[in-house]
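Here is the structure we will look at, set down as structure tokens.
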Amino acid sequence: MKIGLALAAIMVFAAATRATADQLPMDTPTAVDGIQTVCTGVGSSQDDPRWQTYPVRVEFSNGAAQYLAGAHVTLSGSGRSLTSFDCSGSWVLFQLPAGRYSVSAVLSGESIEESRSTMFSTTGSGPQQRVELQFTHMAANQ
């Protein structure tokens, strides 16, 4: 019973967070809660050479390795939420200092909502790290 109540509380909190999250502008570097972030990855904009300077690229795809767009994203570090926002693109880029982080995303389809999360570490420099969140039950965006 306690587990059921805890899960219900988490779901209500997640829904409330999604309802109040900011929508990031596409292809525009933006400071979100002090973290330089870009929502991109759609069309030719993904080829912008500026994006290679970001040490972390988070990609959203389905089980067929097709890009997905429209995620609610939460970035955490040091055991606390650092930022939360909505992204209409299939990539999110982060300028992050060295450290361990967790990224989670929620995507909603016609009759399904799916969430994924993963942990990663970054040195804050060097080659761009690709972090993929694969939503295996989602169809390609139409």
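Letters A, B, ... mark the chains of the structure tokens in the order given; residue numbers begin at 1 per chain; ligand numbers begin at 1, in order shown.
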Excluding Asp86 (chain A) and its own-chain neighbours fewer than 6 positions away, which residues fall within 9 Å of it when counting only C-alpha atoms? Please give them as a ChimeraX atom specification. /A:18,21-24,39,70-74
Could you produce a table of the residues of region 89-111 of chain A lying within 6 Å of region 44-67 of chain A, with the nearest pair of atoms per residue and their separation in Å rounded to one decimal, using only C-alpha atoms, ordered by chain and increasing residue number, as a Markdown table?
```
| residue | atom | partner | partner_atom | distance |
| --- | --- | --- | --- | --- |
| A:Ser90 | CA | A:Phe60 | CA | 5.4 |
| A:Trp91 | CA | A:Glu59 | CA | 4.6 |
| A:Val92 | CA | A:Val58 | CA | 5.1 |
| A:Leu93 | CA | A:Arg57 | CA | 4.6 |
| A:Phe94 | CA | A:Val56 | CA | 5.3 |
| A:Gln95 | CA | A:Tyr54 | CA | 5.2 |
```
Could you write out that same residue set with C-alpha atoms as a tab-separated table (two decimals), in the first residue's frame?
```tsv
chain	number	residue	atom	x	y	z
A	90	SER	CA	15.46	15.34	-30.94
A	91	TRP	CA	18.70	16.52	-29.29
A	92	VAL	CA	19.54	18.45	-26.15
A	93	LEU	CA	23.05	19.84	-25.76
A	94	PHE	CA	24.56	20.73	-22.39
A	95	GLN	CA	27.64	22.74	-21.35
```
Report the residues of region 48-80 of chain A whose backbone DSSP state falls under strand (DSSP E), written as an NGL selection string. :A and (56-62 or 71-77 or 80)
So that I have them on file, write out the residues from the current selection with C-alpha atoms, as a PDB file, in the first residue's frame.
```pdb
ATOM      1  CA  VAL A  56      27.216  16.454 -23.918  1.00  0.00           C
ATOM      2  CA  ARG A  57      24.602  15.622 -26.569  1.00  0.00           C
ATOM      3  CA  VAL A  58      21.473  13.783 -25.429  1.00  0.00           C
ATOM      4  CA  GLU A  59      19.520  12.108 -28.257  1.00  0.00           C
ATOM      5  CA  PHE A  60      15.989  10.725 -28.225  1.00  0.00           C
ATOM      6  CA  SER A  61      15.168   7.768 -30.495  1.00  0.00           C
ATOM      7  CA  ASN A  62      12.808   4.816 -30.769  1.00  0.00           C
ATOM      8  CA  ALA A  71      10.499  15.348 -24.707  1.00  0.00           C
ATOM      9  CA  HIS A  72      10.185  16.682 -21.201  1.00  0.00           C
ATOM     10  CA  VAL A  73      13.785  16.604 -19.920  1.00  0.00           C
ATOM     11  CA  THR A  74      15.188  16.661 -16.388  1.00  0.00           C
ATOM     12  CA  LEU A  75      18.908  16.922 -15.624  1.00  0.00           C
ATOM     13  CA  SER A  76      20.165  15.993 -12.156  1.00  0.00           C
ATOM     14  CA  GLY A  77      23.556  16.064 -10.500  1.00  0.00           C
ATOM     15  CA  ARG A  80      19.382  16.984  -6.879  1.00  0.00           C
TER      16      ARG A  80
END
```
Spatial neighbours of Gly34 (chain A), max dist 12 Å, only C-alpha atoms, sep filter under 4 positions, as a list of chain:residue names: A:Pro29, A:Thr30, A:Leu82, A:Thr83, A:Ser84, A:Phe94, A:Gln95, A:Leu96, A:Pro97
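With only C-alpha atoms as the atoms that count, the minimum distance from Glu113 (chain A) to the choices A:Tyr101, A:Arg130, A:Thr28, A:Ala139 is reached by A:Ala139.
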Can you tell me which residues surround Ser117 (chain A) at a distance of at most 8 Å, considering only C-alpha atoms, apart from same-chain residues fewer than 3 positions away, and format the answer as JSON, numbers by chain? {"A": [102, 103, 104, 105, 133]}
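Relative to CA of Gly41 (chain A), CA of Ser111 (chain A) is found at 24.8 Å.
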